[in-house]
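Asks: Data file query_39.pdb (PDB, C-alpha atoms) is appended below.
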```
ATOM      1  CA  MET A  51     -74.867  -6.937  38.351
ATOM      2  CA  CYS A  52     -74.410  -4.297  41.008
ATOM      3  CA  GLU A  53     -71.896  -4.216  43.829
ATOM      4  CA  TYR A  54     -74.329  -5.629  46.355
ATOM      5  CA  PHE A  55     -78.002  -6.267  45.628
ATOM      6  CA  SER A  56     -80.993  -4.874  43.732
ATOM      7  CA  PHE A  57     -84.637  -4.414  44.650
ATOM      8  CA  LEU A  58     -87.884  -3.172  43.108
ATOM      9  CA  VAL A  59     -90.639  -0.994  44.582
ATOM     10  CA  ASP A  60     -94.163  -1.134  43.168
ATOM     11  CA  GLU A  61     -96.699   1.726  43.030
ATOM     12  CA  GLN A  62     -98.039   0.822  46.486
ATOM     13  CA  GLY A  63     -94.578   0.952  48.056
ATOM     14  CA  ASN A  64     -94.144  -2.810  48.387
ATOM     15  CA  CYS A  65     -90.499  -3.861  48.060
ATOM     16  CA  TYR A  66     -89.219  -6.930  46.248
ATOM     17  CA  ALA A  67     -85.727  -8.446  46.429
ATOM     18  CA  LEU A  68     -84.204 -11.895  46.255
ATOM     19  CA  LEU A  69     -82.910 -12.458  49.768
ATOM     20  CA  GLY A  70     -82.592 -15.459  52.059
ATOM     21  CA  GLN A  71     -83.807 -18.770  50.614
ATOM     22  CA  ASP A  72     -85.164 -17.020  47.508
ATOM     23  CA  ARG A  73     -81.668 -15.744  46.745
ATOM     24  CA  GLU A  74     -80.059 -19.153  47.277
ATOM     25  CA  GLU A  75     -82.679 -20.774  45.053
ATOM     26  CA  VAL A  76     -81.922 -18.395  42.166
ATOM     27  CA  LEU A  77     -78.157 -18.820  42.594
ATOM     28  CA  LYS A  78     -78.424 -22.622  42.562
ATOM     29  CA  ARG A  79     -80.099 -22.586  39.161
ATOM     30  CA  GLY A  80     -77.506 -20.182  37.793
ATOM     31  CA  GLY A  81     -79.664 -17.048  37.882
ATOM     32  CA  ASN A  82     -78.659 -13.533  38.876
ATOM     33  CA  PRO A  83     -80.485 -12.478  42.082
ATOM     34  CA  ASP A  84     -79.388  -8.871  41.477
ATOM     35  CA  SER A  85     -81.006  -8.576  38.055
ATOM     36  CA  HIS A  86     -84.109  -6.368  38.051
ATOM     37  CA  SER A  87     -85.643  -8.525  35.315
ATOM     38  CA  GLU A  88     -84.944 -11.660  37.400
ATOM     39  CA  ILE A  89     -86.655 -10.100  40.423
ATOM     40  CA  ALA A  90     -89.609  -8.951  38.308
ATOM     41  CA  SER A  91     -89.992 -12.397  36.748
ATOM     42  CA  TYR A  92     -89.752 -14.137  40.135
ATOM     43  CA  TYR A  93     -92.559 -12.027  41.623
ATOM     44  CA  GLY A  94     -94.634 -11.573  38.437
ATOM     45  CA  LEU A  95     -94.026  -7.815  38.180
ATOM     46  CA  ASP A  96     -93.676  -5.379  35.283
ATOM     47  CA  GLU A  97     -90.278  -3.868  36.086
ATOM     48  CA  ASP A  98     -90.971  -0.749  34.002
ATOM     49  CA  LYS A  99     -93.872   0.073  36.333
ATOM     50  CA  CYS A 100     -91.618  -0.184  39.396
ATOM     51  CA  TRP A 101     -88.892   1.958  40.878
ATOM     52  CA  LYS A 102     -85.551   0.186  40.470
ATOM     53  CA  PHE A 103     -82.809   0.428  43.073
ATOM     54  CA  ASP A 104     -79.252  -0.903  43.292
ATOM     55  CA  LEU A 105     -77.740  -0.907  46.765
ATOM     56  CA  GLN A 106     -74.078  -0.625  45.813
ATOM     57  CA  LEU A 107     -72.164  -1.455  48.970
ATOM     58  CA  SER A 108     -68.422  -2.027  48.849
ATOM     59  CA  PHE A 109     -66.792  -4.710  50.997
ATOM     60  CA  ASP A 110     -65.723  -2.082  53.557
ATOM     61  CA  GLU A 111     -69.255  -0.628  53.705
ATOM     62  CA  TRP A 112     -70.693  -4.112  54.126
ATOM     63  CA  LYS A 113     -68.330  -4.697  57.071
ATOM     64  CA  ARG A 114     -69.667  -1.523  58.686
ATOM     65  CA  LEU A 115     -73.154  -2.961  58.270
ATOM     66  CA  LEU A 116     -71.956  -6.273  59.723
ATOM     67  CA  GLU A 117     -70.559  -4.394  62.740
ATOM     68  CA  GLY A 118     -73.977  -2.902  63.496
ATOM     69  CA  GLU A 119     -74.055   0.438  61.684
ATOM     70  CA  ALA A 120     -77.515   1.243  60.315
ATOM     71  CA  LEU A 121     -77.915   0.752  56.578
ATOM     72  CA  THR A 122     -79.771   4.054  56.237
ATOM     73  CA  THR A 123     -76.717   5.921  57.568
ATOM     74  CA  ILE A 124     -74.409   4.236  55.029
ATOM     75  CA  LYS A 125     -76.521   4.815  51.914
ATOM     76  CA  VAL A 126     -79.061   7.478  50.853
ATOM     77  CA  LEU A 127     -82.056   5.968  49.054
ATOM     78  CA  LYS A 128     -82.140   8.439  46.160
ATOM     79  CA  ASP A 129     -78.477   7.718  45.402
ATOM     80  CA  CYS A 130     -79.389   4.068  44.776
ATOM     81  CA  TYR A 131     -82.070   4.834  42.157
ATOM     82  CA  ASP A 132     -81.489   2.889  38.926
ATOM     83  CA  GLY A 133     -84.420   3.601  36.624
ATOM     84  CA  GLY A 134     -87.995   2.468  36.037
ATOM     85  CA  LYS A 135     -90.690   4.840  37.283
ATOM     86  CA  ALA A 136     -89.456   8.410  37.654
ATOM     87  CA  LEU A 137     -88.046   9.013  41.123
ATOM     88  CA  GLU A 138     -89.983  12.299  41.296
ATOM     89  CA  GLU A 139     -93.202  10.266  41.310
ATOM     90  CA  MET A 140     -92.318   8.552  44.585
ATOM     91  CA  THR A 141     -94.316  10.150  47.390
ATOM     92  CA  ILE A 142     -92.936  10.759  50.870
ATOM     93  CA  PRO A 143     -95.115   8.001  52.449
ATOM     94  CA  ILE A 144     -93.825   5.458  49.899
ATOM     95  CA  ALA A 145     -90.213   6.561  50.465
ATOM     96  CA  GLN A 146     -90.729   6.141  54.219
ATOM     97  CA  LYS A 147     -92.185   2.684  53.613
ATOM     98  CA  VAL A 148     -89.096   1.709  51.608
ATOM     99  CA  GLN A 149     -86.787   3.012  54.330
ATOM    100  CA  GLN A 150     -88.652   0.925  56.912
ATOM    101  CA  TRP A 151     -88.375  -2.149  54.667
ATOM    102  CA  LEU A 152     -84.604  -1.667  54.527
ATOM    103  CA  VAL A 153     -84.466  -1.441  58.337
ATOM    104  CA  ASP A 154     -86.667  -4.539  58.772
ATOM    105  CA  ASN A 155     -84.550  -6.568  56.344
ATOM    106  CA  GLU A 156     -81.067  -5.572  57.479
ATOM    107  CA  LYS A 157     -80.285  -9.069  58.767
ATOM    108  CA  ALA A 158     -81.164 -10.657  55.409
ATOM    109  CA  ILE A 159     -79.171  -7.946  53.598
ATOM    110  CA  VAL A 160     -76.124  -8.748  55.751
ATOM    111  CA  GLU A 161     -76.516 -12.444  54.888
ATOM    112  CA  ALA A 162     -76.611 -11.554  51.182
ATOM    113  CA  GLY A 163     -73.215  -9.915  51.663
ATOM    114  CA  LYS A 164     -71.778 -13.157  53.027
ATOM    115  CA  LEU A 165     -72.529 -14.713  49.642
ATOM    116  CA  LYS A 166     -71.404 -11.697  47.630
ATOM    117  CA  PHE A 167     -68.148 -11.039  49.473
ATOM    118  CA  GLN A 168     -67.103 -14.587  50.404
ATOM    119  CA  LYS A 169     -63.795 -14.289  48.509
ATOM    120  CA  GLU A 170     -62.899 -10.972  50.169
ATOM    121  CA  ARG A 171     -63.898 -12.332  53.588
ATOM    122  CA  LEU A 172     -61.739 -15.444  53.221
ATOM    123  CA  GLN A 173     -58.733 -13.394  52.051
ATOM    124  CA  GLU A 174     -59.132 -11.018  54.993
ATOM    125  CA  LEU A 175     -59.335 -13.922  57.458
ATOM    126  CA  VAL A 176     -56.178 -15.568  56.111
ATOM    127  CA  PHE A 177     -54.074 -12.512  55.281
ATOM    128  CA  GLY A 178     -56.156  -9.734  56.827
ATOM    129  CA  SER A 179     -55.980  -6.665  58.940
ATOM    130  CA  ASP A 180     -54.925  -8.312  62.227
ATOM    131  CA  PRO A 181     -51.939  -6.270  63.500
ATOM    132  CA  GLU A 182     -50.470  -9.403  65.136
ATOM    133  CA  TRP A 183     -49.045 -11.322  62.180
ATOM    134  CA  ASN A 184     -47.456 -14.281  64.023
ATOM    135  CA  ARG A 185     -50.516 -16.397  64.722
ATOM    136  CA  SER A 186     -51.925 -19.898  64.276
ATOM    137  CA  PHE A 187     -55.666 -20.528  63.945
ATOM    138  CA  ILE A 188     -58.289 -22.658  62.199
ATOM    139  CA  ILE A 189     -60.961 -21.390  59.797
ATOM    140  CA  ALA A 190     -64.205 -23.383  59.455
ATOM    141  CA  LEU A 191     -65.490 -22.660  55.946
ATOM    142  CA  ASN A 192     -69.160 -21.753  55.527
ATOM    143  CA  ARG A 193     -69.450 -24.401  52.791
ATOM    144  CA  ALA A 194     -67.283 -27.220  51.471
ATOM    145  CA  ARG A 195     -64.977 -26.268  48.581
ATOM    146  CA  THR A 196     -62.600 -28.072  46.261
ATOM    147  CA  LEU A 197     -58.922 -27.305  46.733
ATOM    148  CA  GLN A 198     -58.926 -25.414  43.434
ATOM    149  CA  GLU A 199     -61.827 -23.231  44.636
ATOM    150  CA  VAL A 200     -59.822 -22.378  47.766
ATOM    151  CA  ILE A 201     -56.833 -21.369  45.611
ATOM    152  CA  GLU A 202     -59.053 -19.189  43.396
ATOM    153  CA  GLU A 203     -60.878 -17.538  46.307
ATOM    154  CA  LEU A 204     -57.592 -16.710  48.018
ATOM    155  CA  ASN A 205     -56.346 -15.245  44.713
ATOM    156  CA  LEU A 206     -53.072 -17.194  44.911
ATOM    157  CA  THR A 207     -50.441 -17.086  42.164
ATOM    158  CA  GLU A 208     -48.419 -20.277  41.751
ATOM    159  CA  ALA A 209     -44.726 -19.575  42.326
ATOM    160  CA  ARG A 210     -43.260 -23.017  41.722
ATOM    161  CA  LYS A 211     -45.076 -25.663  39.708
ATOM    162  CA  GLY A 212     -46.033 -28.767  41.660
ATOM    163  CA  TRP A 213     -44.475 -27.712  44.975
ATOM    164  CA  GLY A 214     -47.478 -26.052  46.610
ATOM    165  CA  ASN A 215     -45.702 -22.693  46.665
ATOM    166  CA  TYR A 216     -47.800 -19.607  45.951
ATOM    167  CA  LEU A 217     -47.664 -15.842  46.253
ATOM    168  CA  TYR A 218     -50.407 -13.531  47.516
ATOM    169  CA  TYR A 219     -50.184  -9.953  46.288
ATOM    170  CA  GLN A 220     -51.716  -7.734  48.965
ATOM    171  CA  GLU A 221     -52.786  -4.253  47.942
ATOM    172  CA  GLY A 222     -50.409  -1.605  49.232
ATOM    173  CA  ALA A 223     -47.707  -4.084  50.320
ATOM    174  CA  GLU A 224     -44.149  -3.785  48.993
ATOM    175  CA  LYS A 225     -43.644  -7.543  48.773
ATOM    176  CA  PRO A 226     -46.035 -10.429  48.163
ATOM    177  CA  ILE A 227     -46.792 -12.885  50.967
ATOM    178  CA  ARG A 228     -45.255 -16.310  50.383
ATOM    179  CA  VAL A 229     -47.793 -19.112  50.861
ATOM    180  CA  VAL A 230     -47.228 -22.847  51.269
ATOM    181  CA  LEU A 231     -50.448 -24.741  50.608
ATOM    182  CA  ARG A 232     -50.333 -28.374  51.647
ATOM    183  CA  ASP A 233     -52.130 -30.770  49.302
ATOM    184  CA  PRO A 234     -53.014 -33.969  51.198
ATOM    185  CA  ALA A 235     -53.699 -36.856  48.829
ATOM    186  CA  GLY A 236     -57.385 -37.632  48.266
ATOM    187  CA  ILE A 237     -58.608 -34.795  50.466
ATOM    188  CA  GLY A 238     -61.923 -34.322  48.637
ATOM    189  CA  ASN A 239     -64.013 -31.338  49.709
ATOM    190  CA  VAL A 240     -62.229 -28.859  51.971
ATOM    191  CA  THR A 241     -64.127 -27.851  55.113
ATOM    192  CA  HIS A 242     -61.392 -26.365  57.332
ATOM    193  CA  LEU A 243     -58.132 -24.445  56.871
ATOM    194  CA  ALA A 244     -55.372 -24.574  59.495
ATOM    195  CA  ILE A 245     -53.413 -21.315  59.214
ATOM    196  CA  GLN A 246     -49.904 -20.617  60.505
ATOM    197  CA  ARG A 247     -48.485 -17.115  59.922
ATOM    198  CA  TRP A 248     -44.957 -16.006  60.742
ATOM    199  CA  VAL A 249     -42.227 -13.592  59.708
ATOM    200  CA  HIS A 250     -39.288 -15.374  58.090
ATOM    201  CA  LYS A 251     -35.924 -13.641  58.533
ATOM    202  CA  TYR A 252     -32.900 -14.462  56.407
ATOM    203  CA  ALA A 253     -29.477 -13.034  55.616
ATOM    204  CA  ARG A 254     -27.682 -12.423  52.330
ATOM    205  CA  PHE A 255     -24.139 -11.314  51.666
ATOM    206  CA  ASN A 256     -23.942  -8.272  49.393
ATOM    207  CA  GLN A 257     -20.690  -8.495  47.434
ATOM    208  CA  GLU A 258     -20.931  -4.896  46.279
ATOM    209  CA  THR A 259     -21.100  -3.458  49.786
ATOM    210  CA  ASP A 260     -19.223  -6.333  51.504
ATOM    211  CA  GLN A 261     -22.031  -6.370  54.083
ATOM    212  CA  VAL A 262     -24.488  -8.963  55.359
ATOM    213  CA  GLU A 263     -28.061  -7.773  54.808
ATOM    214  CA  ILE A 264     -31.039  -8.964  56.845
ATOM    215  CA  PHE A 265     -34.389  -9.447  55.107
ATOM    216  CA  GLU A 266     -37.890 -10.194  56.365
ATOM    217  CA  GLU A 267     -40.654 -11.999  54.518
ATOM    218  CA  ARG A 268     -44.192 -12.694  55.655
ATOM    219  CA  ARG A 269     -45.170 -16.328  55.185
ATOM    220  CA  VAL A 270     -48.339 -18.375  55.562
ATOM    221  CA  ASN A 271     -48.668 -22.127  55.911
ATOM    222  CA  ILE A 272     -52.141 -23.422  54.926
ATOM    223  CA  ILE A 273     -53.198 -26.982  55.691
ATOM    224  CA  PRO A 274     -56.654 -27.892  54.302
ATOM    225  CA  SER A 275     -58.683 -30.682  55.872
ATOM    226  CA  SER A 276     -62.033 -32.262  55.227
ATOM    227  CA  ILE A 277     -64.731 -34.431  56.736
ATOM    228  CA  PRO A 278     -67.009 -36.747  54.741
ATOM    229  CA  ILE A 279     -69.743 -34.739  53.011
ATOM    230  CA  LYS A 280     -73.135 -36.416  52.579
ATOM    231  CA  GLU A 281     -74.985 -35.417  49.416
TER     232      GLU A 281
END
```
For the file at hand, write its structure as structure tokens.
Replies:
Amino acid sequence: MCEYFSFLVDEQGNCYALLGQDREEVLKRGGNPDSHSEIASYYGLDEDKCWKFDLQLSFDEWKRLLEGEALTTIKVLKDCYDGGKALEEMTIPIAQKVQQWLVDNEKAIVEAGKLKFQKERLQELVFGSDPEWNRSFIIALNRARTLQEVIEELNLTEARKGWGNYLYYQEGAEKPIRVVLRDPAGIGNVTHLAIQRWVHKYARFNQETDQVEIFEERRVNIIPSSIPIKE
């Protein structure tokens, strides 16, 4: 599975990918929408007679796409080639047709990223790049999750068994962020997260230096809530 999504191009320059409802349908039955064989099977194609492409966007590149940057400026088509028919056999008119297909389907490609990068997106919303750390806000989740799914998606490490205390290890940070995750009894599916972020300051006496030292620690309070979900 590639970093973002795969597509096939037949000899006439028609493009095939599992996007939108097709993608959701394949995911629901446990399939891989970024498998060239899955795409070929879905559309009744011989994948060896098609050009295969993997659009390998990182989370940061996907955010640039989300912010309105053109896909064709982020990735060069030939760099995404992944086998099948020889790339040298692709004519200029077919290559232009593929480029236009990418432009026409940018919205669906962005939506595919929301599925692919949902863990990274949730972590960025809770712990993310906002320079103002002391904030309180509510996140409406794009789908209902169990409490355990929330813990896994936020990549939390339990710090104290049974107390709702966790640590979040942020890349590049000297110290982990301390997280308190409330666990209301019988909550069921989680649909919203109330977030409170603050900097906790505390003092410790250093016997070796005979000085009082001041420390700072970033903390996050997370309160999950839910509404009845109809099947």
Asks: May I have the residues within 12 Å of Val76 of chain A as a list in words, using all atoms listed in the file and disregarding those fewer than 5 positions away in the same chain?
Replies: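 Result of the neighbour search: Ala67, Leu68, Leu69, Gly70, Gln71, Gly81, Asn82, Pro83, Asp84, Ser85, Glu88, Ile89, Ser91 and Tyr92 of chain A.
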Asks: So that I can check the surroundings of segment 171-179 of chain A, please list as a VMD selection string every protein, DNA and RNA residue that reaches within 12 Å of it, counting only C-alpha atoms and ignoring chain neighbours fewer than 5 positions away.
Replies: chain A and resid 109 to 110 112 to 113 116 163 to 166 184 to 193 199 to 206 217 to 221 223 226 to 229 242 to 248 268 to 273
Asks: Given the file shown, enumerate the residues that the PyMOL selection byres ((chain A and resi 60) around 10) captures and present them as a list in words.
Replies: Leu58, Val59, Glu61, Gln62, Gly63, Asn64, Cys65, Tyr66, Leu95, Asp96, Glu97, Asp98, Lys99, Cys100, Trp101, Lys102, Lys135, Met140 and Ile144 of chain A
Asks: If you apply the PyMOL selection byres ((chain A and resi 155) around 12) to this file, what residues do you get, as a PyMOL selection string?
Replies: chain A and resi 57+65-70+120-122+148-154+156-162
Asks: Could those selected residues go to a file with C-alpha atoms, as a short mmCIF file (atom, residue, chain, number, x, y, z; two decimals), in the coordinates of the input?
Replies:
```cif
data_model
loop_
_atom_site.label_atom_id
_atom_site.label_comp_id
_atom_site.auth_asym_id
_atom_site.auth_seq_id
_atom_site.Cartn_x
_atom_site.Cartn_y
_atom_site.Cartn_z
CA PHE A 57 -84.64 -4.41 44.65
CA CYS A 65 -90.50 -3.86 48.06
CA TYR A 66 -89.22 -6.93 46.25
CA ALA A 67 -85.73 -8.45 46.43
CA LEU A 68 -84.20 -11.90 46.26
CA LEU A 69 -82.91 -12.46 49.77
CA GLY A 70 -82.59 -15.46 52.06
CA ALA A 120 -77.52 1.24 60.32
CA LEU A 121 -77.92 0.75 56.58
CA THR A 122 -79.77 4.05 56.24
CA VAL A 148 -89.10 1.71 51.61
CA GLN A 149 -86.79 3.01 54.33
CA GLN A 150 -88.65 0.92 56.91
CA TRP A 151 -88.38 -2.15 54.67
CA LEU A 152 -84.60 -1.67 54.53
CA VAL A 153 -84.47 -1.44 58.34
CA ASP A 154 -86.67 -4.54 58.77
CA GLU A 156 -81.07 -5.57 57.48
CA LYS A 157 -80.28 -9.07 58.77
CA ALA A 158 -81.16 -10.66 55.41
CA ILE A 159 -79.17 -7.95 53.60
CA VAL A 160 -76.12 -8.75 55.75
CA GLU A 161 -76.52 -12.44 54.89
CA ALA A 162 -76.61 -11.55 51.18
#
```
Asks: Let me know the residues the PyMOL selection byres ((chain A and resi 264) around 12) catches in the file above, as a list in words.
Replies: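 Applying the PyMOL selection byres ((chain A and resi 264) around 12) to the structure shown produces His250, Lys251, Tyr252, Ala253, Arg254, Phe255, Asn256, Gln261, Val262, Glu263, Phe265, Glu266 and Glu267 of chain A.
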Asks: Go ahead and compute the interatomic distance for atom CA of Thr123 of chain A and atom CA of Glu111 of chain A, in Å to one decimal.
Replies: 10.7 Å
Asks: Just how far from atom CA of Ser87 of chain A is atom CA of Thr141 of chain A, in Å to one decimal?
Replies: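 Taking atom CA of Thr141 of chain A as the start and atom CA of Ser87 of chain A as the end point, the length is 23.9 Å.
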Asks: What is the distance, in Å and to one decimal place, between atom CA of Ala209 of chain A and atom CA of Trp183 of chain A?
Replies: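 Interatomic distance, atom CA of Ala209 of chain A to atom CA of Trp183 of chain A: 21.9 Å.
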